[in-house]
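Chemist: Input protein.cif, format and content: mmCIF, C-alpha atoms.
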data_upload
#
loop_
_atom_site.group_PDB
_atom_site.id
_atom_site.type_symbol
_atom_site.label_atom_id
_atom_site.label_comp_id
_atom_site.auth_asym_id
_atom_site.auth_seq_id
_atom_site.Cartn_x
_atom_site.Cartn_y
_atom_site.Cartn_z
ATOM 1 C CA ASN A 1 29.592 232.844 -239.801
ATOM 2 C CA SER A 2 31.718 233.382 -236.682
ATOM 3 C CA CYS A 3 28.601 233.414 -234.501
ATOM 4 C CA CYS A 4 30.559 231.818 -231.657
ATOM 5 C CA ALA A 5 33.817 230.140 -230.802
ATOM 6 C CA TYR A 6 33.614 226.433 -230.043
ATOM 7 C CA THR A 7 34.910 226.904 -226.509
ATOM 8 C CA GLY A 8 33.334 226.467 -223.090
ATOM 9 C CA ILE A 9 29.735 225.265 -223.450
ATOM 10 C CA TYR A 10 30.149 225.037 -227.256
ATOM 11 C CA ALA A 11 33.330 222.933 -227.211
ATOM 12 C CA GLU A 12 31.670 219.645 -228.178
ATOM 13 C CA MET A 13 29.094 221.018 -230.636
ATOM 14 C CA SER A 14 29.285 220.208 -234.338
ATOM 15 C CA THR A 15 26.786 222.827 -235.527
ATOM 16 C CA CYS A 16 26.388 226.478 -234.614
ATOM 17 C CA PRO A 17 23.718 226.971 -231.928
ATOM 18 C CA HIS A 18 22.808 230.330 -233.510
ATOM 19 C CA CYS A 19 22.661 229.749 -237.296
ATOM 20 C CA ASN A 20 22.875 225.921 -237.505
ATOM 21 C CA SER A 21 25.874 226.066 -239.861
ATOM 22 C CA PRO A 22 28.199 223.068 -239.654
ATOM 23 C CA ARG A 23 31.382 223.527 -237.649
ATOM 24 C CA TYR A 24 33.459 221.474 -240.110
ATOM 25 C CA ASP A 25 33.649 221.370 -243.905
ATOM 26 C CA ALA A 26 33.201 218.215 -245.991
ATOM 27 C CA LYS A 27 36.821 217.178 -245.322
ATOM 28 C CA GLY A 28 36.402 217.483 -241.544
ATOM 29 C CA ARG A 29 38.368 220.745 -241.236
ATOM 30 C CA PRO A 30 37.087 223.688 -239.201
ATOM 31 C CA ARG A 31 35.332 226.230 -241.426
ATOM 32 C CA LYS A 32 36.935 229.134 -239.537
ATOM 33 C CA VAL A 33 39.706 229.302 -236.961
ATOM 34 C CA PHE A 34 40.140 231.720 -234.075
ATOM 35 C CA VAL A 35 43.729 231.747 -232.820
ATOM 36 C CA TYR A 36 44.143 232.784 -229.189
ATOM 37 C CA LEU A 37 47.592 233.845 -227.951
ATOM 38 C CA PRO A 38 47.950 233.063 -224.217
ATOM 39 C CA VAL A 39 48.714 235.948 -221.854
ATOM 40 C CA ILE A 40 50.346 234.174 -218.905
ATOM 41 C CA PRO A 41 53.595 233.160 -220.666
ATOM 42 C CA ARG A 42 54.022 236.727 -221.918
ATOM 43 C CA LEU A 43 53.432 238.222 -218.466
ATOM 44 C CA LYS A 44 55.964 235.772 -217.022
ATOM 45 C CA THR A 45 58.481 236.882 -219.647
ATOM 46 C CA LEU A 46 57.908 240.535 -218.706
ATOM 47 C CA ALA A 47 58.485 239.711 -215.020
ATOM 48 C CA ALA A 48 61.673 237.775 -215.805
ATOM 49 C CA ASN A 49 63.234 240.591 -217.825
ATOM 50 C CA PRO A 50 64.883 243.185 -215.521
ATOM 51 C CA ASN A 51 64.051 246.144 -217.796
ATOM 52 C CA SER A 52 60.383 245.341 -218.327
ATOM 53 C CA ALA A 53 59.942 244.242 -214.695
ATOM 54 C CA ALA A 54 61.286 247.618 -213.533
ATOM 55 C CA GLN A 55 58.922 249.449 -215.903
ATOM 56 C CA MET A 56 55.989 247.436 -214.572
ATOM 57 C CA LEU A 57 56.487 248.769 -211.051
ATOM 58 C CA TYR A 58 54.697 252.006 -211.949
ATOM 59 C CA ARG A 59 51.257 250.874 -210.727
ATOM 60 C CA GLY A 60 52.482 249.316 -207.513
ATOM 61 C CA ARG A 61 55.236 251.694 -206.441
ATOM 62 C CA GLU A 62 55.373 254.900 -208.467
ATOM 63 C CA HIS A 63 51.784 256.048 -208.948
ATOM 64 C CA THR A 64 50.667 258.423 -206.220
ATOM 65 C CA GLU A 65 47.102 259.371 -205.556
ATOM 66 C CA GLU A 66 46.205 263.029 -205.167
ATOM 67 C CA ALA A 67 42.890 263.888 -203.497
ATOM 68 C CA GLY A 68 40.352 265.210 -205.974
ATOM 69 C CA ARG A 69 42.528 264.448 -209.013
ATOM 70 C CA MET A 70 41.912 261.709 -211.572
ATOM 71 C CA SER A 71 45.184 261.130 -213.412
ATOM 72 C CA ASP A 72 45.116 257.378 -214.059
ATOM 73 C CA VAL A 73 42.902 254.292 -213.868
ATOM 74 C CA MET A 74 44.277 253.667 -210.374
ATOM 75 C CA ASP A 75 42.456 256.819 -209.224
ATOM 76 C CA GLY A 76 39.103 255.406 -210.333
ATOM 77 C CA LYS A 77 36.379 254.160 -208.007
ATOM 78 C CA LEU A 78 36.344 250.580 -209.350
ATOM 79 C CA TYR A 79 40.095 250.123 -208.837
ATOM 80 C CA LYS A 80 39.903 251.574 -205.317
ATOM 81 C CA ASP A 81 36.923 249.357 -204.466
ATOM 82 C CA LEU A 82 38.694 246.240 -205.768
ATOM 83 C CA ARG A 83 41.720 246.966 -203.558
ATOM 84 C CA THR A 84 39.490 246.570 -200.477
ATOM 85 C CA LYS A 85 38.075 243.186 -201.560
ATOM 86 C CA HIS A 86 39.426 239.673 -201.344
ATOM 87 C CA VAL A 87 39.792 237.794 -204.618
ATOM 88 C CA VAL A 88 36.927 235.355 -205.197
ATOM 89 C CA VAL A 89 37.238 232.455 -207.657
ATOM 90 C CA ASP A 90 34.465 229.876 -208.043
ATOM 91 C CA GLU A 91 32.727 231.290 -204.961
ATOM 92 C CA LYS A 92 35.874 230.608 -202.903
ATOM 93 C CA ILE A 93 37.268 233.623 -201.056
ATOM 94 C CA LEU A 94 41.041 233.688 -201.380
ATOM 95 C CA PRO A 95 43.309 235.156 -198.669
ATOM 96 C CA HIS A 96 44.689 237.961 -200.838
ATOM 97 C CA LYS A 97 43.055 241.182 -202.039
ATOM 98 C CA TYR A 98 43.036 242.572 -205.563
ATOM 99 C CA PHE A 99 46.242 244.459 -206.402
ATOM 100 C CA GLU A 100 47.587 243.899 -202.886
ATOM 101 C CA ASP A 101 51.064 243.000 -204.144
ATOM 102 C CA HIS A 102 53.002 245.612 -206.095
ATOM 103 C CA ARG A 103 53.722 242.947 -208.738
ATOM 104 C CA ASP A 104 50.033 242.169 -209.378
ATOM 105 C CA VAL A 105 49.216 243.113 -212.950
ATOM 106 C CA ALA A 106 46.320 245.395 -213.896
ATOM 107 C CA LEU A 107 45.118 244.821 -217.448
ATOM 108 C CA GLY A 108 42.547 246.522 -219.650
ATOM 109 C CA LEU A 109 40.787 244.655 -222.460
ATOM 110 C CA SER A 110 39.861 246.522 -225.628
ATOM 111 C CA THR A 111 38.150 245.517 -228.842
ATOM 112 C CA ASP A 112 36.317 247.104 -231.726
ATOM 113 C CA GLY A 113 35.152 245.748 -235.035
ATOM 114 C CA PHE A 114 36.495 247.110 -238.285
ATOM 115 C CA GLY A 115 36.091 246.416 -241.985
ATOM 116 C CA PRO A 116 39.477 245.306 -243.337
ATOM 117 C CA PHE A 117 38.361 245.674 -246.963
ATOM 118 C CA LYS A 118 36.992 248.648 -248.917
ATOM 119 C CA ARG A 119 33.504 247.207 -249.340
ATOM 120 C CA ARG A 120 33.233 246.552 -245.585
ATOM 121 C CA SER A 121 31.122 243.466 -246.186
ATOM 122 C CA SER A 122 33.315 241.627 -243.698
ATOM 123 C CA THR A 123 34.444 242.628 -240.235
ATOM 124 C CA ALA A 124 37.191 241.532 -237.879
ATOM 125 C CA TRP A 125 37.435 242.089 -234.121
ATOM 126 C CA PRO A 126 40.942 242.396 -232.649
ATOM 127 C CA LEU A 127 41.277 241.619 -228.936
ATOM 128 C CA ILE A 128 44.038 243.599 -227.241
ATOM 129 C CA LEU A 129 45.208 244.209 -223.681
ATOM 130 C CA PHE A 130 46.743 247.286 -222.148
ATOM 131 C CA ASN A 131 49.151 246.804 -219.259
ATOM 132 C CA TYR A 132 48.203 249.388 -216.624
ATOM 133 C CA ASN A 133 51.302 248.521 -214.592
ATOM 134 C CA LEU A 134 53.316 250.494 -217.123
ATOM 135 C CA PRO A 135 53.657 254.280 -216.901
ATOM 136 C CA PRO A 136 50.892 256.128 -218.797
ATOM 137 C CA ASP A 137 53.360 257.721 -221.216
ATOM 138 C CA VAL A 138 54.356 254.292 -222.638
ATOM 139 C CA ARG A 139 51.529 251.836 -221.876
ATOM 140 C CA PHE A 140 49.677 252.497 -225.131
ATOM 141 C CA HIS A 141 52.762 252.304 -227.348
ATOM 142 C CA LEU A 142 52.531 249.523 -229.908
ATOM 143 C CA GLU A 143 55.412 247.527 -228.386
ATOM 144 C CA HIS A 144 53.509 247.292 -225.080
ATOM 145 C CA VAL A 145 50.095 246.354 -226.464
ATOM 146 C CA ILE A 146 49.360 242.671 -225.869
ATOM 147 C CA GLY A 147 47.470 241.063 -228.763
ATOM 148 C CA LEU A 148 45.204 238.146 -227.857
ATOM 149 C CA GLY A 149 43.804 237.350 -231.277
ATOM 150 C CA VAL A 150 41.407 238.498 -233.960
ATOM 151 C CA ILE A 151 37.819 237.289 -234.146
ATOM 152 C CA PRO A 152 37.206 236.558 -237.842
ATOM 153 C CA GLY A 153 34.145 237.844 -239.720
ATOM 154 C CA PRO A 154 32.201 238.023 -241.848
ATOM 155 C CA LYS A 155 29.826 239.440 -239.232
ATOM 156 C CA LYS A 156 29.882 240.587 -235.642
ATOM 157 C CA PRO A 157 29.875 237.519 -233.337
ATOM 158 C CA VAL A 158 26.516 236.603 -231.819
ATOM 159 C CA ASP A 159 28.173 235.197 -228.677
ATOM 160 C CA PHE A 160 31.165 237.450 -228.157
ATOM 161 C CA ASP A 161 31.837 235.891 -224.725
ATOM 162 C CA SER A 162 32.640 232.521 -226.302
ATOM 163 C CA PHE A 163 35.680 234.099 -227.987
ATOM 164 C CA LEU A 164 36.751 235.523 -224.620
ATOM 165 C CA TRP A 165 36.489 232.154 -222.831
ATOM 166 C CA PRO A 166 40.231 231.269 -223.140
ATOM 167 C CA PHE A 167 41.101 234.736 -221.788
ATOM 168 C CA VAL A 168 38.656 234.399 -218.876
ATOM 169 C CA ARG A 169 40.192 231.040 -217.940
ATOM 170 C CA GLU A 170 43.652 232.624 -217.875
ATOM 171 C CA MET A 171 42.414 235.543 -215.765
ATOM 172 C CA LEU A 172 40.959 233.071 -213.249
ATOM 173 C CA ARG A 173 44.356 231.336 -213.066
ATOM 174 C CA LEU A 174 46.052 234.701 -212.550
ATOM 175 C CA ALA A 175 43.538 235.633 -209.829
ATOM 176 C CA VAL A 176 44.577 232.528 -207.891
ATOM 177 C CA GLY A 177 48.229 233.260 -208.645
ATOM 178 C CA VAL A 178 50.907 231.844 -210.910
ATOM 179 C CA HIS A 179 54.567 231.268 -210.219
ATOM 180 C CA ALA A 180 56.918 233.554 -212.100
ATOM 181 C CA TYR A 181 60.565 234.468 -211.864
ATOM 182 C CA ASP A 182 60.821 237.939 -210.339
ATOM 183 C CA SER A 183 63.893 239.601 -211.788
#
Starting from the coordinates I provided, produce the structure as C-alpha coordinates.
Modeler:
Amino acid sequence: NSCCAYTGIYAEMSTCPHCNSPRYDAKGRPRKVFVYLPVIPRLKTLAANPNSAAQMLYRGREHTEEAGRMSDVMDGKLYKDLRTKHVVVDEKILPHKYFEDHRDVALGLSTDGFGPFKRRSSTAWPLILFNYNLPPDVRFHLEHVIGLGVIPGPKKPVDFDSFLWPFVREMLRLAVGVHAYDS
(Lines of atoms letter the chains of each structure in order from A and count residues from 1; the text may use other names and numbers.)
(Lines give C-alpha, C1' and ligand atoms only; values in the text may rest on other atoms or scores of the structure.)
Protein backbone atom coordinates (compact mmCIF):
# COMPACT_ATOMS: atom_id res chain seq x y z
CA ASN A 1 0.00 0.00 0.00
CA SER A 2 3.08 2.25 0.04
CA CYS A 3 2.29 3.35 3.60
CA CYS A 4 6.01 3.66 4.34
CA ALA A 5 9.43 2.87 3.00
CA TYR A 6 11.35 0.19 4.86
CA THR A 7 14.15 2.58 5.78
CA GLY A 8 15.34 4.03 9.07
CA ILE A 9 13.23 2.68 11.94
CA TYR A 10 11.31 0.41 9.51
CA ALA A 11 14.38 -1.19 7.91
CA GLU A 12 14.10 -4.53 9.71
CA MET A 13 10.30 -4.84 9.72
CA SER A 14 8.54 -7.55 7.72
CA THR A 15 5.02 -6.12 7.99
CA CYS A 16 3.73 -2.59 7.55
CA PRO A 17 3.35 -0.82 10.91
CA HIS A 18 0.33 1.08 9.52
CA CYS A 19 -1.80 -1.49 7.64
CA ASN A 20 -0.13 -4.79 8.68
CA SER A 21 0.40 -5.84 5.05
CA PRO A 22 3.37 -8.13 4.47
CA ARG A 23 6.52 -6.51 3.12
CA TYR A 24 7.31 -9.49 0.86
CA ASP A 25 5.20 -11.66 -1.43
CA ALA A 26 5.00 -15.45 -1.22
CA LYS A 27 8.28 -15.80 -3.16
CA GLY A 28 10.15 -13.48 -0.77
CA ARG A 29 10.24 -10.51 -3.17
CA PRO A 30 9.34 -6.99 -2.06
CA ARG A 31 5.72 -6.17 -2.92
CA LYS A 32 6.69 -2.64 -4.01
CA VAL A 33 10.02 -0.97 -4.63
CA PHE A 34 11.01 2.66 -4.12
CA VAL A 35 14.17 3.52 -6.06
CA TYR A 36 16.19 6.40 -4.63
CA LEU A 37 18.79 8.11 -6.83
CA PRO A 38 21.62 9.53 -4.67
CA VAL A 39 22.31 13.26 -4.86
CA ILE A 40 25.95 13.47 -3.76
CA PRO A 41 27.50 11.80 -6.84
CA ARG A 42 25.50 14.10 -9.10
CA LEU A 43 26.54 17.22 -7.18
CA LYS A 44 30.16 16.08 -7.38
CA THR A 45 29.79 15.67 -11.14
CA LEU A 46 28.40 19.21 -11.43
CA ALA A 47 31.36 20.57 -9.45
CA ALA A 48 33.86 18.66 -11.59
CA ASN A 49 32.48 19.96 -14.88
CA PRO A 50 33.85 23.46 -15.67
CA ASN A 51 30.64 24.65 -17.38
CA SER A 52 28.21 23.53 -14.69
CA ALA A 53 30.58 24.59 -11.89
CA ALA A 54 30.73 28.10 -13.38
CA GLN A 55 26.92 28.23 -13.62
CA MET A 56 26.63 27.16 -9.99
CA LEU A 57 28.51 30.23 -8.78
CA TYR A 58 25.37 32.36 -9.09
CA ARG A 59 24.29 31.94 -5.45
CA GLY A 60 27.72 32.46 -3.96
CA ARG A 61 29.19 35.15 -6.20
CA GLU A 62 26.67 36.71 -8.57
CA HIS A 63 23.48 37.26 -6.59
CA THR A 64 23.35 40.69 -5.00
CA GLU A 65 20.95 41.70 -2.30
CA GLU A 66 19.01 44.92 -2.67
CA ALA A 67 17.42 46.42 0.46
CA GLY A 68 13.66 46.05 0.45
CA ARG A 69 13.61 43.84 -2.65
CA MET A 70 12.84 40.12 -2.73
CA SER A 71 14.17 38.76 -6.02
CA ASP A 72 15.35 35.27 -5.06
CA VAL A 73 15.31 32.71 -2.25
CA MET A 74 18.61 34.17 -1.03
CA ASP A 75 16.73 37.36 -0.10
CA GLY A 76 14.42 35.43 2.23
CA LYS A 77 14.53 35.55 6.02
CA LEU A 78 15.25 31.83 6.49
CA TYR A 79 18.27 31.88 4.17
CA LYS A 80 19.64 35.02 5.85
CA ASP A 81 19.11 33.52 9.31
CA LEU A 82 20.86 30.27 8.31
CA ARG A 83 23.90 32.22 7.10
CA THR A 84 24.44 33.49 10.67
CA LYS A 85 24.30 30.01 12.25
CA HIS A 86 26.85 27.26 12.58
CA VAL A 87 25.93 23.91 11.06
CA VAL A 88 24.71 21.43 13.69
CA VAL A 89 24.69 17.68 13.03
CA ASP A 90 23.71 15.20 15.75
CA GLU A 91 23.79 18.00 18.33
CA LYS A 92 27.44 18.69 17.43
CA ILE A 93 28.19 22.28 16.42
CA LEU A 94 30.49 22.32 13.42
CA PRO A 95 33.02 25.13 12.80
CA HIS A 96 31.42 26.33 9.56
CA LYS A 97 28.21 28.29 8.97
CA TYR A 98 25.47 27.51 6.48
CA PHE A 99 26.30 28.76 2.97
CA GLU A 100 29.57 30.28 4.20
CA ASP A 101 31.53 28.98 1.20
CA HIS A 102 30.52 30.17 -2.26
CA ARG A 103 30.56 26.53 -3.40
CA ASP A 104 28.04 25.37 -0.77
CA VAL A 105 24.93 24.16 -2.55
CA ALA A 106 21.43 25.42 -1.74
CA LEU A 107 18.73 22.94 -2.70
CA GLY A 108 14.94 23.04 -2.65
CA LEU A 109 12.87 19.86 -2.33
CA SER A 110 9.53 19.64 -4.12
CA THR A 111 6.88 16.96 -4.36
CA ASP A 112 3.23 16.62 -5.21
CA GLY A 113 1.03 13.62 -5.80
CA PHE A 114 -0.61 13.02 -9.14
CA GLY A 115 -2.82 10.39 -10.74
CA PRO A 116 -0.88 8.87 -13.64
CA PHE A 117 -3.98 7.13 -15.04
CA LYS A 118 -7.36 8.48 -16.17
CA ARG A 119 -9.33 6.90 -13.34
CA ARG A 120 -6.96 8.41 -10.74
CA SER A 121 -7.41 5.41 -8.47
CA SER A 122 -3.65 5.34 -8.02
CA THR A 123 -1.23 8.13 -7.20
CA ALA A 124 2.51 8.62 -7.50
CA TRP A 125 4.70 11.17 -5.70
CA PRO A 126 7.80 12.38 -7.56
CA LEU A 127 10.60 13.79 -5.39
CA ILE A 128 12.62 16.49 -7.14
CA LEU A 129 15.29 19.00 -6.16
CA PHE A 130 15.92 22.48 -7.47
CA ASN A 131 19.48 23.76 -7.42
CA TYR A 132 19.32 27.33 -6.08
CA ASN A 133 23.00 27.85 -6.90
CA LEU A 134 21.97 28.19 -10.53
CA PRO A 135 20.70 31.49 -11.96
CA PRO A 136 16.91 31.87 -11.64
CA ASP A 137 16.41 31.97 -15.41
CA VAL A 138 17.71 28.37 -15.79
CA ARG A 139 17.33 26.62 -12.42
CA PHE A 140 13.84 25.31 -13.15
CA HIS A 141 14.65 24.06 -16.65
CA LEU A 142 14.15 20.32 -17.00
CA GLU A 143 17.86 19.61 -17.57
CA HIS A 144 18.68 21.15 -14.17
CA VAL A 145 15.96 19.47 -12.12
CA ILE A 146 17.42 16.69 -9.97
CA GLY A 147 15.10 13.68 -9.69
CA LEU A 148 15.39 11.65 -6.48
CA GLY A 149 12.73 9.04 -7.15
CA VAL A 150 9.01 8.43 -7.32
CA ILE A 151 7.01 7.16 -4.35
CA PRO A 152 4.69 4.50 -5.78
CA GLY A 153 0.94 4.41 -5.04
CA PRO A 154 -1.72 3.30 -4.89
CA LYS A 155 -2.35 5.83 -2.11
CA LYS A 156 -0.64 8.76 -0.47
CA PRO A 157 2.07 7.47 1.92
CA VAL A 158 1.13 7.40 5.60
CA ASP A 159 4.74 8.02 6.67
CA PHE A 160 6.09 10.31 3.98
CA ASP A 161 9.29 10.93 6.00
CA SER A 162 10.33 7.28 5.65
CA PHE A 163 10.67 7.80 1.88
CA LEU A 164 12.80 10.88 2.55
CA TRP A 165 15.16 9.05 4.93
CA PRO A 166 17.87 8.30 2.28
CA PHE A 167 17.77 11.97 1.23
CA VAL A 168 18.03 13.19 4.84
CA ARG A 169 21.08 10.96 5.39
CA GLU A 170 22.75 12.47 2.33
CA MET A 171 21.94 16.01 3.46
CA LEU A 172 23.54 15.27 6.84
CA ARG A 173 26.68 14.07 5.02
CA LEU A 174 26.68 17.23 2.91
CA ALA A 175 26.23 19.40 6.02
CA VAL A 176 29.44 17.92 7.44
CA GLY A 177 31.12 18.27 4.05
CA VAL A 178 32.16 15.95 1.24
CA HIS A 179 35.28 16.01 -0.87
CA ALA A 180 34.73 16.98 -4.48
CA TYR A 181 36.93 18.02 -7.36
CA ASP A 182 36.52 21.77 -7.86
CA SER A 183 36.99 22.49 -11.55
Chemist: Identify, on the basis of only C-alpha atoms, every residue whose closest approach to range 18-30 of chain A does not exceed 8 Å; exclude the query and any residue fewer than 2 positions from it along the same chain; express the result as a list in words.
Modeler: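 Residues near the query, excluding close chain neighbours: Asn1, Cys3, Met13, Ser14, Thr15, Cys16, Lys32, Val33 and Val158 of chain A.
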Chemist: Please write the residues picked by the PyMOL selection byres ((chain A and resi 133) around 9) on this file as a list in words.
Modeler: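 That expression, the PyMOL selection byres ((chain A and resi 133) around 9), corresponds here to Gln55, Met56, Leu57, Tyr58, Arg59, Gly60, Arg103, Asp104, Val105, Ala106, Leu107, Phe130, Asn131, Tyr132, Leu134, Pro135, Pro136 and Arg139 of chain A.
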Chemist: Any chance you could tabulate, as a Markdown table, the residues of range 12-106 of chain A at most 12 Å from range 162-165 of chain A with each one's nearest atom pair and distance in Å to one decimal, using all atoms listed in the file, in chain and rising number order?
Modeler:
| residue | atom | partner | partner_atom | distance |
| --- | --- | --- | --- | --- |
| A:Pro17 | CA | A:Ser162 | CA | 11.9 |
| A:Val33 | CA | A:Phe163 | CA | 10.9 |
| A:Phe34 | CA | A:Phe163 | CA | 7.9 |
| A:Val35 | CA | A:Phe163 | CA | 9.7 |
| A:Tyr36 | CA | A:Phe163 | CA | 8.6 |
| A:Leu37 | CA | A:Leu164 | CA | 11.5 |
| A:Pro38 | CA | A:Leu164 | CA | 11.5 |
Chemist: So what does the PyMOL selection byres ((chain A and resi 181) around 10) actually pick up in this one, as a PDB file with C-alpha atoms, in the frame of the given file?
Modeler:
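Final output, saved to selection-v2.pdb:
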ATOM      1  CA  LYS A  44      55.964 235.772-217.022  1.00  0.00           C
ATOM      2  CA  THR A  45      58.481 236.882-219.647  1.00  0.00           C
ATOM      3  CA  LEU A  46      57.908 240.535-218.706  1.00  0.00           C
ATOM      4  CA  ALA A  47      58.485 239.711-215.020  1.00  0.00           C
ATOM      5  CA  ALA A  48      61.673 237.775-215.805  1.00  0.00           C
ATOM      6  CA  ASN A  49      63.234 240.591-217.825  1.00  0.00           C
ATOM      7  CA  HIS A 179      54.567 231.268-210.219  1.00  0.00           C
ATOM      8  CA  ALA A 180      56.918 233.554-212.100  1.00  0.00           C
ATOM      9  CA  ASP A 182      60.821 237.939-210.339  1.00  0.00           C
ATOM     10  CA  SER A 183      63.893 239.601-211.788  1.00  0.00           C
TER      11      SER A 183
END
Chemist: Closest to Leu172 in chain A among A:Leu127, A:Leu94, A:Met70, A:Ile151, using all atoms listed in the file?
Modeler: A:Leu94
